[in-house]
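To be precise, the following lines are structure.txt, and they hold compact mmCIF, C-alpha atoms (C1' of nucleotides).
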# COMPACT_ATOMS: atom_id res chain seq x y z
CA MET M 63 -15.24 150.88 138.82
CA GLU M 64 -17.64 148.24 137.58
CA SER M 65 -18.93 146.82 140.81
CA VAL M 66 -21.42 148.44 143.15
CA PHE M 67 -19.07 147.67 146.03
CA GLU M 68 -16.27 149.74 144.61
CA ILE M 69 -18.69 152.57 144.13
CA ILE M 70 -19.96 152.67 147.68
CA ALA M 71 -16.40 152.28 148.95
CA GLU M 72 -15.94 156.02 148.49
CA PRO M 73 -16.98 157.94 151.64
CA ASN M 74 -18.26 161.01 149.81
CA ARG M 75 -20.39 158.88 147.55
CA ARG M 76 -21.91 157.14 150.56
CA ALA M 77 -22.58 160.57 152.03
CA ILE M 78 -24.32 161.63 148.83
CA LEU M 79 -26.48 158.52 148.89
CA SER M 80 -27.42 159.19 152.50
CA LEU M 81 -28.38 162.75 151.65
CA LEU M 82 -30.55 161.54 148.80
CA ALA M 83 -32.17 158.97 151.06
CA SER M 84 -34.03 161.79 152.80
CA SER M 85 -35.00 163.73 149.70
CA GLN M 86 -33.83 164.68 146.25
CA GLN M 87 -31.14 167.35 146.07
CA SER M 88 -29.53 169.59 143.52
CA VAL M 89 -25.79 169.52 142.89
CA GLY M 90 -25.45 172.80 144.75
CA ASP M 91 -27.29 171.43 147.75
CA ILE M 92 -24.94 168.50 147.98
CA GLU M 93 -21.94 170.70 147.42
CA ARG M 94 -22.87 172.90 150.36
CA GLN M 95 -23.81 170.14 152.76
CA LEU M 96 -20.71 168.06 152.11
CA ARG M 97 -18.35 171.02 151.71
CA LEU M 98 -16.93 169.40 148.64
CA PRO M 99 -15.74 171.25 145.52
CA GLN M 100 -18.43 171.29 142.86
CA PRO M 101 -16.44 169.33 140.24
CA ALA M 102 -15.91 166.57 142.76
CA VAL M 103 -19.65 166.40 143.43
CA SER M 104 -20.43 166.28 139.73
CA LYS M 105 -17.85 163.58 139.20
CA HIS M 106 -19.24 161.42 141.99
CA LEU M 107 -22.76 161.95 140.73
CA ARG M 108 -21.68 160.87 137.29
CA VAL M 109 -20.28 157.64 138.70
CA LEU M 110 -23.42 157.06 140.73
CA ARG M 111 -25.66 157.81 137.77
CA GLU M 112 -23.85 155.54 135.37
CA ALA M 113 -24.04 152.74 137.92
CA GLY M 114 -27.77 153.27 138.38
CA PHE M 115 -27.65 154.49 141.97
CA VAL M 116 -29.23 157.82 141.12
CA GLU M 117 -31.08 159.57 138.36
CA SER M 118 -31.38 163.25 137.53
CA THR M 119 -34.27 165.36 136.39
CA VAL M 120 -33.78 168.76 134.84
CA ASP M 121 -35.14 171.77 136.72
CA ALA M 122 -34.13 174.83 134.68
CA GLN M 123 -30.40 175.31 135.28
CA ARG M 124 -30.41 172.79 138.11
CA ARG M 125 -30.34 169.05 138.06
CA LEU M 126 -32.25 167.31 140.80
CA TYR M 127 -30.76 163.99 141.78
CA SER M 128 -32.74 161.23 143.42
CA LEU M 129 -32.08 157.68 144.52
CA LYS M 130 -32.73 154.56 142.52
CA PRO M 131 -32.99 151.35 144.51
CA GLY M 132 -31.49 148.72 142.21
CA PRO M 133 -27.78 148.69 143.02
CA LEU M 134 -28.30 148.98 146.76
CA GLN M 135 -30.57 145.98 146.60
CA GLU M 136 -27.73 144.18 144.91
CA VAL M 137 -25.56 144.84 147.94
CA ASP M 138 -28.37 143.66 150.14
CA ALA M 139 -28.62 140.46 148.12
CA TRP M 140 -24.92 139.77 148.56
CA LEU M 141 -25.23 140.29 152.28
CA ALA M 142 -28.03 137.75 152.42
CA GLN M 143 -25.64 134.80 152.39
CA PHE M 144 -24.20 135.98 155.70
CA ARG M 145 -27.39 136.80 157.59
CA ARG M 146 -28.01 133.21 158.54
CA PHE M 147 -24.50 133.05 159.84
CA TRP M 148 -24.49 136.09 162.02
CA SER M 149 -27.95 135.69 163.44
CA ALA M 150 -26.68 132.44 164.87
CA HIS M 151 -23.96 134.40 166.63
CA VAL M 152 -25.54 137.60 167.81
CA ASP M 153 -29.26 137.49 168.25
CA ALA M 154 -29.63 140.69 170.17
CA LEU M 155 -28.16 142.91 167.50
CA GLU M 156 -30.17 141.18 164.85
CA ARG M 157 -33.37 141.98 166.67
CA HIS M 158 -32.15 145.52 167.09
CA LEU M 159 -31.60 145.92 163.36
CA ASP M 160 -34.97 144.42 162.65
CA ARG M 161 -36.62 146.98 164.84
CA MET M 162 -34.84 149.87 163.15
CA ASP M 163 -35.81 148.33 159.90
CA GLN M 164 -39.52 148.53 160.46
CA PRO M 165 -41.91 151.41 161.04
CA ALA M 166 -43.25 151.55 164.58
CA THR M 167 -46.65 150.37 163.47
CA ALA M 168 -45.39 147.25 161.75
CA LYS M 169 -45.98 143.98 163.45
CA ARG M 170 -43.06 141.72 164.10
CA LYS M 171 -42.68 139.25 161.36
CA PRO M 172 -39.61 137.33 160.27
CA ARG M 173 -38.22 139.03 157.22
CA ARG M 174 -34.91 137.33 156.80
CA GLN M 175 -33.83 133.81 156.20
CA MET V 247 -8.29 150.97 154.33
CA GLU V 248 -10.16 151.98 157.44
CA SER V 249 -13.74 151.42 156.40
CA VAL V 250 -15.51 148.11 155.98
CA PHE V 251 -16.76 149.32 152.61
CA GLU V 252 -13.28 149.72 151.18
CA ILE V 253 -12.46 146.25 152.41
CA ILE V 254 -15.36 144.51 150.72
CA ALA V 255 -14.75 146.56 147.58
CA GLU V 256 -12.04 144.08 146.60
CA PRO V 257 -13.50 141.16 144.58
CA ASN V 258 -11.10 138.55 145.90
CA ARG V 259 -11.84 139.53 149.47
CA ARG V 260 -15.56 139.17 148.81
CA ALA V 261 -14.84 135.77 147.32
CA ILE V 262 -12.92 134.78 150.44
CA LEU V 263 -15.78 135.88 152.64
CA SER V 264 -18.22 133.87 150.55
CA LEU V 265 -16.04 130.81 150.86
CA LEU V 266 -15.87 131.21 154.61
CA ALA V 267 -19.62 131.64 154.77
CA SER V 268 -20.00 127.95 154.06
CA SER V 269 -17.26 126.70 156.35
CA GLN V 270 -13.85 127.56 157.73
CA GLN V 271 -10.93 127.13 155.38
CA SER V 272 -7.16 127.03 155.49
CA VAL V 273 -5.05 129.44 153.46
CA GLY V 274 -4.19 126.65 151.08
CA ASP V 275 -7.85 125.80 150.57
CA ILE V 276 -8.61 129.38 149.63
CA GLU V 277 -5.55 129.61 147.44
CA ARG V 278 -6.65 126.57 145.43
CA GLN V 279 -10.28 127.52 145.10
CA LEU V 280 -9.63 131.09 144.05
CA ARG V 281 -6.51 130.31 141.99
CA LEU V 282 -4.78 133.22 143.62
CA PRO V 283 -1.07 133.35 144.52
CA GLN V 284 -0.52 132.47 148.16
CA PRO V 285 0.97 135.82 149.21
CA ALA V 286 -2.07 137.55 147.82
CA VAL V 287 -4.34 135.31 149.86
CA SER V 288 -2.34 135.92 153.02
CA LYS V 289 -2.39 139.65 152.43
CA HIS V 290 -6.14 139.73 151.93
CA LEU V 291 -6.64 137.59 155.01
CA ARG V 292 -4.51 139.95 157.00
CA VAL V 293 -6.66 142.88 155.94
CA LEU V 294 -9.82 140.94 156.73
CA ARG V 295 -8.47 139.82 160.09
CA GLU V 296 -7.35 143.28 161.19
CA ALA V 297 -10.77 144.65 160.27
CA GLY V 298 -12.52 141.94 162.27
CA PHE V 299 -14.11 140.13 159.34
CA VAL V 300 -12.35 136.87 160.12
CA GLU V 301 -10.35 135.15 162.81
CA SER V 302 -7.80 132.37 162.62
CA THR V 303 -7.14 129.33 164.75
CA VAL V 304 -3.90 127.39 164.61
CA ASP V 305 -4.00 123.80 163.36
CA ALA V 306 -0.40 122.59 163.29
CA GLN V 307 1.23 124.29 160.31
CA ARG V 308 -2.11 125.48 159.00
CA ARG V 309 -4.26 128.38 160.00
CA LEU V 310 -7.97 127.89 159.79
CA TYR V 311 -9.89 131.04 159.03
CA SER V 312 -13.52 131.58 159.93
CA LEU V 313 -16.02 134.40 159.65
CA LYS V 314 -16.83 136.95 162.31
CA PRO V 315 -20.15 138.76 161.95
CA GLY V 316 -19.45 142.27 163.24
CA PRO V 317 -18.26 144.22 160.20
CA LEU V 318 -20.82 142.72 157.84
CA GLN V 319 -23.54 143.74 160.24
CA GLU V 320 -22.13 147.23 160.03
CA VAL V 321 -22.72 147.19 156.30
CA ASP V 322 -26.20 145.87 156.90
CA ALA V 323 -26.86 148.70 159.33
CA TRP V 324 -25.80 151.30 156.79
CA LEU V 325 -28.07 149.70 154.24
CA ALA V 326 -30.98 149.94 156.63
CA GLN V 327 -31.56 153.62 155.88
CA PHE V 328 -32.40 152.69 152.29
CA ARG V 329 -34.66 149.69 152.82
CA ARG V 330 -37.68 151.81 153.60
CA PHE V 331 -36.93 153.76 150.47
CA TRP V 332 -36.68 150.92 148.01
CA SER V 333 -39.73 149.07 149.22
CA ALA V 334 -41.67 152.30 148.74
CA HIS V 335 -40.41 152.51 145.19
CA VAL V 336 -41.56 149.11 144.11
CA ASP V 337 -44.87 150.81 143.49
CA ALA V 338 -43.29 153.48 141.35
CA LEU V 339 -41.47 150.85 139.37
CA GLU V 340 -44.70 148.99 138.79
CA ARG V 341 -46.43 152.09 137.59
CA HIS V 342 -43.51 152.76 135.31
CA LEU V 343 -43.65 149.29 133.84
CA ASP V 344 -47.38 149.60 133.41
CA ARG V 345 -46.89 152.72 131.36
CA MET V 346 -44.27 151.08 129.19
CA ASP V 347 -46.64 148.19 128.68
CA GLN V 348 -49.19 150.30 126.92
CA PRO V 349 -48.73 150.71 123.17
CA ALA V 350 -47.67 154.21 122.24
CA THR V 351 -50.32 156.42 123.73
CA ALA V 352 -48.98 159.67 122.38
CA LYS V 353 -45.94 161.43 123.66
CA ARG V 354 -45.62 162.26 127.31
CA LYS V 355 -44.89 165.83 128.16
CA PRO V 356 -42.07 166.31 130.63
CA ARG V 357 -43.39 166.54 134.14
CA ARG V 358 -42.93 169.72 136.08
CA GLN V 359 -42.33 169.99 139.79
C1' DC J 268 -27.59 189.02 122.70
C1' DA J 269 -24.84 189.34 126.59
C1' DC J 270 -24.32 188.19 131.13
C1' DG J 271 -24.51 185.12 135.21
C1' DC J 272 -25.56 181.08 137.63
C1' DA J 273 -25.58 175.99 137.81
C1' DT J 274 -23.46 172.03 136.27
C1' DA J 275 -20.41 169.22 133.47
C1' DT J 276 -15.96 168.04 131.48
C1' DA J 277 -10.78 167.95 130.70
C1' DC J 278 -6.46 167.67 132.41
C1' DC J 279 -2.67 166.96 135.63
C1' DC J 280 -0.86 165.20 139.80
C1' DA J 281 -0.19 162.53 143.91
C1' DG J 282 -1.29 158.57 146.82
C1' DC J 283 -2.81 154.08 147.57
C1' DG J 284 -3.62 149.41 146.90
C1' DG J 285 -3.00 144.96 144.64
C1' DA J 286 -0.04 141.67 142.07
C1' DG J 287 4.40 139.60 141.67
C1' DT J 288 8.67 137.99 143.38
C1' DA J 289 11.70 136.82 146.89
C1' DT J 290 12.47 135.61 151.47
C1' DA J 291 11.43 134.74 156.44
C1' DT J 292 9.12 131.96 160.06
C1' DC J 293 7.65 127.88 162.03
C1' DA J 294 5.95 123.29 162.71
C1' DA J 295 6.20 118.30 161.78
C1' DG J 296 8.81 114.24 160.68
C1' DG J 297 12.56 111.46 159.26
C1' DC N 180 19.14 118.99 162.79
C1' DC N 181 17.70 119.02 158.17
C1' DT N 182 14.16 119.04 155.03
C1' DT N 183 9.68 119.91 153.49
C1' DG N 184 5.34 122.10 153.61
C1' DA N 185 2.38 125.94 155.10
C1' DT N 186 1.95 130.63 155.89
C1' DA N 187 3.53 135.37 156.64
C1' DT N 188 6.20 139.46 155.45
C1' DA N 189 9.12 142.79 152.67
C1' DC N 190 9.69 145.28 148.69
C1' DT N 191 9.01 147.06 144.06
C1' DC N 192 6.11 148.39 140.45
C1' DC N 193 2.09 149.91 138.10
C1' DG N 194 -2.64 151.40 137.39
C1' DC N 195 -6.51 153.57 139.04
C1' DT N 196 -9.00 156.95 141.37
C1' DG N 197 -9.94 161.20 143.72
C1' DG N 198 -8.87 166.15 144.35
C1' DG N 199 -7.61 170.61 142.30
C1' DT N 200 -7.82 173.91 138.74
C1' DA N 201 -9.38 175.64 134.58
C1' DT N 202 -12.72 175.71 131.16
C1' DA N 203 -16.90 174.39 128.55
C1' DT N 204 -21.92 174.03 128.17
C1' DG N 205 -26.50 175.38 128.97
C1' DC N 206 -30.35 177.92 130.47
C1' DG N 207 -32.83 181.90 132.21
C1' DT N 208 -33.03 187.01 132.40
C1' DG N 209 -32.35 191.86 131.70
What would the structure in this file look like if it were written as structure tokens?
Amino acid sequence: MESVFEIIAEPNRRAILSLLASSQQSVGDIERQLRLPQPAVSKHLRVLREAGFVESTVDAQRRLYSLKPGPLQEVDAWLAQFRRFWSAHVDALERHLDRMDQPATAKRKPRRQ
Amino acid sequence: MESVFEIIAEPNRRAILSLLASSQQSVGDIERQLRLPQPAVSKHLRVLREAGFVESTVDAQRRLYSLKPGPLQEVDAWLAQFRRFWSAHVDALERHLDRMDQPATAKRKPRRQ
DNA sequence: CACGCATATACCCAGCGGAGTATATCAAGG
DNA sequence: CCTTGATATACTCCGCTGGGTATATGCGTG
């Protein structure tokens, strides 16, 4: 379970990360939204925490989990070697992703090599 | 093995993709560069091919494998939801580092929310 | 201080995936 | 055709990981 790729291979863990992308959540919140048994949630969170994907702050009996950017950036960095390749093949989708990538107010500016 | 994430979770498959990012390769080429038994290479290539990561063209007895962009773009698209997040947190990281820079300025009380 | 809620941990079990080995396919060339 | 080289497939085995269940820990409250 060393690599970040193995960690995001698990669908429930990806779901947890997506939940946390909007805002921080307690274990109970995640448990309810994903309809996953609480020990499973805790176990996934432990994996994510130890890999640096998330961190927790204590709020009385609850633990609030929030995202940490590092490991996901690592994935992004690995993907970089392929961007050149696929932009040569499918320009339209690339532009599409760029648009989703940027807030509406941002001006168009090449962000990838 | 449905999802693209499970497929790139395997280190040797990522290595194969990286090799193909530079140029197309035969099975034997990959086998030699990765020092992996040939059946293992063929099996990984089969997985990658069926998931649309690669395609093969016939060159006499050899099969030349080359990259296809689709699935990797899918990963990129999933990552998109976090880009906004981690660029926003560069600031937080800087503030954090700034604090750690300063020589022990008394103990910090735990923050409340 | 005892109880209850929120979370973490321990343990077992079943399924899957990757390596290894052996074998099949198929093309080129003598 | 028969052989050799290149690749694919079949099959077994083993380890790891995720879910389920039970239990521990920890904190706030009456």
Check: Which polymer residues have any atom within 10 Å of an atom of Ala122 in chain M, counting all atoms listed in the file, with same-chain residues fewer than 6 positions away left out, as a list of chain:residue names?
Finding: J:DA273, N:DG205, N:DC206, N:DG207
Notebook entry, point to check: When the cut-off is 8 Å and we count all atoms listed in the file, which residues of chain J are near chain V, given as a ChimeraX atom specification?
Noted result: /J:286,293-295
Find the residues of chain V in contact range of chain M, meaning any atom within 12 Å when counting only C-alpha atoms, and list them as a PDB file with C-alpha atoms, keeping the file's coordinate frame.
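After the write, selection.pdb holds the following:
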ATOM      1  CA  MET V 247      -8.290 150.970 154.330  1.00  0.00           C
ATOM      2  CA  GLU V 248     -10.160 151.980 157.440  1.00  0.00           C
ATOM      3  CA  SER V 249     -13.740 151.420 156.400  1.00  0.00           C
ATOM      4  CA  VAL V 250     -15.510 148.110 155.980  1.00  0.00           C
ATOM      5  CA  PHE V 251     -16.760 149.320 152.610  1.00  0.00           C
ATOM      6  CA  GLU V 252     -13.280 149.720 151.180  1.00  0.00           C
ATOM      7  CA  ILE V 253     -12.460 146.250 152.410  1.00  0.00           C
ATOM      8  CA  ILE V 254     -15.360 144.510 150.720  1.00  0.00           C
ATOM      9  CA  ALA V 255     -14.750 146.560 147.580  1.00  0.00           C
ATOM     10  CA  GLU V 256     -12.040 144.080 146.600  1.00  0.00           C
ATOM     11  CA  PRO V 257     -13.500 141.160 144.580  1.00  0.00           C
ATOM     12  CA  ARG V 259     -11.840 139.530 149.470  1.00  0.00           C
ATOM     13  CA  ARG V 260     -15.560 139.170 148.810  1.00  0.00           C
ATOM     14  CA  ALA V 261     -14.840 135.770 147.320  1.00  0.00           C
ATOM     15  CA  LEU V 263     -15.780 135.880 152.640  1.00  0.00           C
ATOM     16  CA  SER V 264     -18.220 133.870 150.550  1.00  0.00           C
ATOM     17  CA  LEU V 265     -16.040 130.810 150.860  1.00  0.00           C
ATOM     18  CA  LEU V 266     -15.870 131.210 154.610  1.00  0.00           C
ATOM     19  CA  ALA V 267     -19.620 131.640 154.770  1.00  0.00           C
ATOM     20  CA  SER V 268     -20.000 127.950 154.060  1.00  0.00           C
ATOM     21  CA  SER V 269     -17.260 126.700 156.350  1.00  0.00           C
ATOM     22  CA  PHE V 299     -14.110 140.130 159.340  1.00  0.00           C
ATOM     23  CA  SER V 312     -13.520 131.580 159.930  1.00  0.00           C
ATOM     24  CA  LEU V 313     -16.020 134.400 159.650  1.00  0.00           C
ATOM     25  CA  LYS V 314     -16.830 136.950 162.310  1.00  0.00           C
ATOM     26  CA  PRO V 315     -20.150 138.760 161.950  1.00  0.00           C
ATOM     27  CA  GLY V 316     -19.450 142.270 163.240  1.00  0.00           C
ATOM     28  CA  PRO V 317     -18.260 144.220 160.200  1.00  0.00           C
ATOM     29  CA  LEU V 318     -20.820 142.720 157.840  1.00  0.00           C
ATOM     30  CA  GLN V 319     -23.540 143.740 160.240  1.00  0.00           C
ATOM     31  CA  GLU V 320     -22.130 147.230 160.030  1.00  0.00           C
ATOM     32  CA  VAL V 321     -22.720 147.190 156.300  1.00  0.00           C
ATOM     33  CA  ASP V 322     -26.200 145.870 156.900  1.00  0.00           C
ATOM     34  CA  ALA V 323     -26.860 148.700 159.330  1.00  0.00           C
ATOM     35  CA  TRP V 324     -25.800 151.300 156.790  1.00  0.00           C
ATOM     36  CA  LEU V 325     -28.070 149.700 154.240  1.00  0.00           C
ATOM     37  CA  ALA V 326     -30.980 149.940 156.630  1.00  0.00           C
ATOM     38  CA  GLN V 327     -31.560 153.620 155.880  1.00  0.00           C
ATOM     39  CA  PHE V 328     -32.400 152.690 152.290  1.00  0.00           C
ATOM     40  CA  ARG V 329     -34.660 149.690 152.820  1.00  0.00           C
ATOM     41  CA  ARG V 330     -37.680 151.810 153.600  1.00  0.00           C
ATOM     42  CA  PHE V 331     -36.930 153.760 150.470  1.00  0.00           C
ATOM     43  CA  TRP V 332     -36.680 150.920 148.010  1.00  0.00           C
ATOM     44  CA  SER V 333     -39.730 149.070 149.220  1.00  0.00           C
ATOM     45  CA  ALA V 334     -41.670 152.300 148.740  1.00  0.00           C
ATOM     46  CA  HIS V 335     -40.410 152.510 145.190  1.00  0.00           C
ATOM     47  CA  VAL V 336     -41.560 149.110 144.110  1.00  0.00           C
ATOM     48  CA  ASP V 337     -44.870 150.810 143.490  1.00  0.00           C
ATOM     49  CA  ALA V 338     -43.290 153.480 141.350  1.00  0.00           C
ATOM     50  CA  LEU V 339     -41.470 150.850 139.370  1.00  0.00           C
ATOM     51  CA  PRO V 356     -42.070 166.310 130.630  1.00  0.00           C
ATOM     52  CA  ARG V 357     -43.390 166.540 134.140  1.00  0.00           C
ATOM     53  CA  ARG V 358     -42.930 169.720 136.080  1.00  0.00           C
ATOM     54  CA  GLN V 359     -42.330 169.990 139.790  1.00  0.00           C
TER      55      GLN V 359
END
Margin query: Report, in Å with one decimal, the straight-line distance from CA of Glu301 in chain V to C1' of DT290 in chain J.
Written below: 25.5 Å
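Distance-wise, C1' of DA189 in chain N and CA of Gln271 in chain V end up 25.6 Å apart.
From CA of Arg281 in chain V back to CA of Val300 in chain V, the distance works out to 20.1 Å.
Between chain M and the candidates N:DT208, N:DT186, N:DT196, N:DT191, the tightest atom-to-atom separation, counting only C-alpha atoms (C1' of nucleotides), involves N:DT196.
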Listed atoms of range 190-203 of chain N, axis-aligned box, 5 Å per side: centre and edge lengths to one decimal in Å, as lines of an AutoDock Vina configuration file?
center_x = -3.6
center_y = 160.5
center_z = 138.6
size_x = 36.6
size_y = 40.4
size_z = 30.1
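The part of chain N that reaches within 10 Å of chain V is made up of DG184, DA185, DT186, DA187 and DT188 of chain N, counting all atoms listed in the file.
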